[in-house]
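Novice: Structure in structure tokens, see below.
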Amino acid sequence: MILPGDFLATSEESVGGQGTFEEEGKLFASVEGKQLADNRARSVSVATPTVVRPLAAGDYAYAVVHDLYESVALMEFQPVDRKGERIAAHNTYAYLRISEIQRGYTERFRDFLRIGDVVKARVKEITSLGIYLTIADSELGVIRSHCTQCKAELEPRGRVMVCPACGNKEQRKMAAGQHF
Ligand SMILES: [Zn+2]
């Protein structure tokens with residue numbers, strides 16, 4: 001396994017291909033992967049190992065609230081790839097049950113989630129009816145949302161979201177951290 005920054009060859013010996021960079025006559029790897037050498041073409045490159053596997057419970061995803069119904073939200077989502085692994089989903093839509101908003105009882109979505117919000121979520125389960133997400137854990141929830149009054153992007157301030165344009169205060173189920 002080649003790591004970024006590993007020396008591969010001098011640029012007199014070889015021509016650098018994909019996944020390499022040249023510095024002072026030397027070729028180095030710019031990505032993690034497997035070294036590929038083509039002796040006839042006198043080139044060297046680094047191939048990134050990408051394993052594609054199907055989406056599974058426990059995987060993380062970014063999702064946008066597409067629609068809100070009484071007890072379920074329709075989410076458009078994108079799985080978050082892990083290092084050296086690409087995650088493929090058979091569908092780009094998933095559901096979020098109202099019981100997966102937070103720990104405990106939630107009466108209505110609109111106090112925690114609005115259409116257009118971007119959330120960090122985790123796959124709860126995959127059933128024949130569809131993919132179900134959860135944002136109940138503290139690190140999961142809304143990471144981007146817009147003011148329902150003027151559409152400006154809301155800024156998290158303590159436990160509420162504040163609109164910098166019109167001063168409107170809104171409630172969301174916010175994610176504790178911004179990144180996975
Ligand atoms: Zn506003």
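Residues are referred to by chain and number: the chain letter is A, B, ... according to the order shown in the structure tokens, the number counts from 1 in that chain, and ligands are numbered separately from 1 in the order shown.
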Compute the set of protein, DNA and RNA residues whose minimum atom distance to ligand 1 is at most 9 Å, using only C-alpha atoms and all ligand atoms, and state it as a VMD selection string.
Specialist: chain A and resid 146 to 154 162 to 169
Novice: Could those residues be written to a file, using N, CA and C atoms, as a PDB file, in the first residue's frame?
Specialist:
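Full text of selection10.pdb as output:
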```
ATOM      1  N   HIS A 146     -33.020  27.162   6.169  1.00  0.00           N
ATOM      2  CA  HIS A 146     -33.329  28.526   5.736  1.00  0.00           C
ATOM      3  C   HIS A 146     -34.540  29.083   6.478  1.00  0.00           C
ATOM      4  N   CYS A 147     -34.518  30.401   6.626  1.00  0.00           N
ATOM      5  CA  CYS A 147     -35.587  31.126   7.320  1.00  0.00           C
ATOM      6  C   CYS A 147     -36.911  30.917   6.591  1.00  0.00           C
ATOM      7  N   THR A 148     -37.949  30.570   7.330  1.00  0.00           N
ATOM      8  CA  THR A 148     -39.255  30.356   6.699  1.00  0.00           C
ATOM      9  C   THR A 148     -39.912  31.680   6.297  1.00  0.00           C
ATOM     10  N   GLN A 149     -39.393  32.805   6.841  1.00  0.00           N
ATOM     11  CA  GLN A 149     -39.947  34.112   6.508  1.00  0.00           C
ATOM     12  C   GLN A 149     -39.300  34.720   5.259  1.00  0.00           C
ATOM     13  N   CYS A 150     -37.943  34.680   5.235  1.00  0.00           N
ATOM     14  CA  CYS A 150     -37.254  35.399   4.144  1.00  0.00           C
ATOM     15  C   CYS A 150     -36.284  34.546   3.348  1.00  0.00           C
ATOM     16  N   LYS A 151     -36.135  33.260   3.693  1.00  0.00           N
ATOM     17  CA  LYS A 151     -35.297  32.304   2.953  1.00  0.00           C
ATOM     18  C   LYS A 151     -33.788  32.483   3.151  1.00  0.00           C
ATOM     19  N   ALA A 152     -33.361  33.426   3.983  1.00  0.00           N
ATOM     20  CA  ALA A 152     -31.926  33.567   4.263  1.00  0.00           C
ATOM     21  C   ALA A 152     -31.472  32.343   5.055  1.00  0.00           C
ATOM     22  N   GLU A 153     -30.169  32.037   4.985  1.00  0.00           N
ATOM     23  CA  GLU A 153     -29.688  30.864   5.713  1.00  0.00           C
ATOM     24  C   GLU A 153     -29.624  31.168   7.205  1.00  0.00           C
ATOM     25  N   LEU A 154     -30.210  30.277   7.992  1.00  0.00           N
ATOM     26  CA  LEU A 154     -30.239  30.463   9.447  1.00  0.00           C
ATOM     27  C   LEU A 154     -28.881  30.147  10.057  1.00  0.00           C
ATOM     28  N   VAL A 162     -31.143  31.397  14.275  1.00  0.00           N
ATOM     29  CA  VAL A 162     -31.504  32.803  14.124  1.00  0.00           C
ATOM     30  C   VAL A 162     -31.256  33.242  12.685  1.00  0.00           C
ATOM     31  N   CYS A 163     -32.196  34.026  12.145  1.00  0.00           N
ATOM     32  CA  CYS A 163     -32.037  34.549  10.789  1.00  0.00           C
ATOM     33  C   CYS A 163     -31.246  35.848  10.861  1.00  0.00           C
ATOM     34  N   PRO A 164     -30.074  35.907  10.188  1.00  0.00           N
ATOM     35  CA  PRO A 164     -29.262  37.124  10.243  1.00  0.00           C
ATOM     36  C   PRO A 164     -29.896  38.277   9.453  1.00  0.00           C
ATOM     37  N   ALA A 165     -30.833  37.953   8.564  1.00  0.00           N
ATOM     38  CA  ALA A 165     -31.452  38.987   7.729  1.00  0.00           C
ATOM     39  C   ALA A 165     -32.656  39.643   8.401  1.00  0.00           C
ATOM     40  N   CYS A 166     -33.562  38.843   8.961  1.00  0.00           N
ATOM     41  CA  CYS A 166     -34.788  39.427   9.507  1.00  0.00           C
ATOM     42  C   CYS A 166     -34.940  39.211  11.015  1.00  0.00           C
ATOM     43  N   GLY A 167     -33.999  38.493  11.635  1.00  0.00           N
ATOM     44  CA  GLY A 167     -34.052  38.326  13.090  1.00  0.00           C
ATOM     45  C   GLY A 167     -35.001  37.252  13.575  1.00  0.00           C
ATOM     46  N   ASN A 168     -35.663  36.594  12.635  1.00  0.00           N
ATOM     47  CA  ASN A 168     -36.596  35.520  12.980  1.00  0.00           C
ATOM     48  C   ASN A 168     -35.862  34.390  13.726  1.00  0.00           C
ATOM     49  N   LYS A 169     -36.484  33.867  14.772  1.00  0.00           N
ATOM     50  CA  LYS A 169     -35.899  32.748  15.509  1.00  0.00           C
ATOM     51  C   LYS A 169     -36.689  31.484  15.213  1.00  0.00           C
TER      52      LYS A 169
END
```
Novice: Determine, counting only C-alpha atoms, which protein, DNA and RNA residues have an atom within 9 Å of an atom of Ser99 in chain A; residues of the same chain fewer than 2 positions away are not included. Present the result as a count of residues only.
Specialist: 12
Novice: Can you list, as a ChimeraX atom specification, all residues belonging to range 27-162 of chain A that DSSP tags as strand (DSSP E or B)?
Specialist: /A:27-29,33-38,43-47,51-54,60-68,72-79,82,85-88,93-97,118-127,130-134,141-144,146,153,155-157,160-162
Novice: Please provide as a list in words all residues within 10 Å of range 111-117 of chain A, with the sequence filter that same-chain residues fewer than 5 positions apart are discarded (counting only C-alpha atoms).
Specialist: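 Residues near the query, excluding close chain neighbours: Ala63, Val64, Val65, His66, Asp67, Leu68, Ala73, Leu74, Met75, Glu76, Ile98, Ile101, Gln102, Thr106, Gly141, Val142, Ile143, Arg144, Ser145, His146, Cys147, Thr148, Glu170, Gln171, Arg172, Lys173 and Met174 of chain A.
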Novice: Output the selection as a PDB file, in the first residue's frame - C-alpha atoms for each residue.
Specialist:
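Contents of selection-v9.pdb, freshly written:
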```
ATOM      1  CA  ALA A  63     -30.287  14.172   3.367  1.00  0.00           C
ATOM      2  CA  VAL A  64     -32.592  16.983   2.310  1.00  0.00           C
ATOM      3  CA  VAL A  65     -36.154  17.159   3.613  1.00  0.00           C
ATOM      4  CA  HIS A  66     -38.249  16.753   0.494  1.00  0.00           C
ATOM      5  CA  ASP A  67     -41.700  16.573   2.019  1.00  0.00           C
ATOM      6  CA  LEU A  68     -43.288  16.368   5.466  1.00  0.00           C
ATOM      7  CA  ALA A  73     -40.788  12.755   6.221  1.00  0.00           C
ATOM      8  CA  LEU A  74     -39.657  12.020   2.688  1.00  0.00           C
ATOM      9  CA  MET A  75     -35.919  12.577   2.399  1.00  0.00           C
ATOM     10  CA  GLU A  76     -33.646  12.739  -0.618  1.00  0.00           C
ATOM     11  CA  ILE A  98     -41.399  11.200  13.438  1.00  0.00           C
ATOM     12  CA  ILE A 101     -36.370  12.895  15.271  1.00  0.00           C
ATOM     13  CA  GLN A 102     -35.243  12.758  18.869  1.00  0.00           C
ATOM     14  CA  THR A 106     -42.392  14.385  19.047  1.00  0.00           C
ATOM     15  CA  GLY A 141     -29.783  16.482  12.799  1.00  0.00           C
ATOM     16  CA  VAL A 142     -30.058  19.711  10.839  1.00  0.00           C
ATOM     17  CA  ILE A 143     -26.809  21.226   9.573  1.00  0.00           C
ATOM     18  CA  ARG A 144     -28.292  23.732   7.133  1.00  0.00           C
ATOM     19  CA  SER A 145     -31.655  25.441   7.033  1.00  0.00           C
ATOM     20  CA  HIS A 146     -33.329  28.526   5.736  1.00  0.00           C
ATOM     21  CA  CYS A 147     -35.587  31.126   7.320  1.00  0.00           C
ATOM     22  CA  THR A 148     -39.255  30.356   6.699  1.00  0.00           C
ATOM     23  CA  GLU A 170     -36.649  29.159  14.609  1.00  0.00           C
ATOM     24  CA  GLN A 171     -36.436  25.784  16.255  1.00  0.00           C
ATOM     25  CA  ARG A 172     -34.749  22.772  14.695  1.00  0.00           C
ATOM     26  CA  LYS A 173     -33.372  19.431  15.811  1.00  0.00           C
ATOM     27  CA  MET A 174     -29.805  20.538  15.306  1.00  0.00           C
TER      28      MET A 174
END
```
Novice: Pro4 in chain A: which residues within 6 Å, counting only C-alpha atoms, same-chain residues fewer than 6 positions away excluded, as an mmCIF file with N, CA and C atoms, in the first residue's frame?
Specialist:
```
data_model
loop_
_atom_site.group_PDB
_atom_site.id
_atom_site.type_symbol
_atom_site.label_atom_id
_atom_site.label_comp_id
_atom_site.auth_asym_id
_atom_site.auth_seq_id
_atom_site.Cartn_x
_atom_site.Cartn_y
_atom_site.Cartn_z
ATOM 1 N N ALA A 29 3.504 9.910 -4.527
ATOM 2 C CA ALA A 29 2.072 9.586 -4.545
ATOM 3 C C ALA A 29 1.278 10.746 -3.956
ATOM 4 N N SER A 30 0.157 11.078 -4.590
ATOM 5 C CA SER A 30 -0.715 12.124 -4.034
ATOM 6 C C SER A 30 -1.941 11.508 -3.356
ATOM 7 N N VAL A 31 -2.122 10.212 -3.551
ATOM 8 C CA VAL A 31 -3.264 9.516 -2.932
ATOM 9 C C VAL A 31 -2.794 8.200 -2.311
ATOM 10 N N GLU A 32 -3.669 7.612 -1.502
ATOM 11 C CA GLU A 32 -3.393 6.298 -0.943
ATOM 12 C C GLU A 32 -3.857 5.254 -1.955
#
```
Novice: Could you pull out the residues in chain A that DSSP calls helix (DSSP H, G or I) from the backbone, as a PDB file with C-alpha atoms, in the first residue's frame?
Specialist:
```pdb
ATOM      1  CA  ILE A  98     -41.399  11.200  13.438  1.00  0.00           C
ATOM      2  CA  SER A  99     -40.244   8.848  16.222  1.00  0.00           C
ATOM      3  CA  GLU A 100     -36.665   9.121  14.861  1.00  0.00           C
ATOM      4  CA  PHE A 109     -42.380  17.761  12.536  1.00  0.00           C
ATOM      5  CA  ARG A 110     -42.519  21.511  12.034  1.00  0.00           C
ATOM      6  CA  ASP A 111     -41.070  22.197  15.473  1.00  0.00           C
TER       7      ASP A 111
END
```
Novice: Taking into account only C-alpha atoms, which residue in the set A:Glu13, A:Glu139, A:Asp6, A:Asp59 is nearest to Val80 in chain A?
Specialist: A:Asp59
Novice: Ranking A:Asn91, A:Thr20, A:Ser14, A:Ser138 by minimum distance to Ala41 in chain A and counting only C-alpha atoms, which one comes first?
Specialist: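 With only C-alpha atoms as the atom set, the closest residue is A:Ser14.
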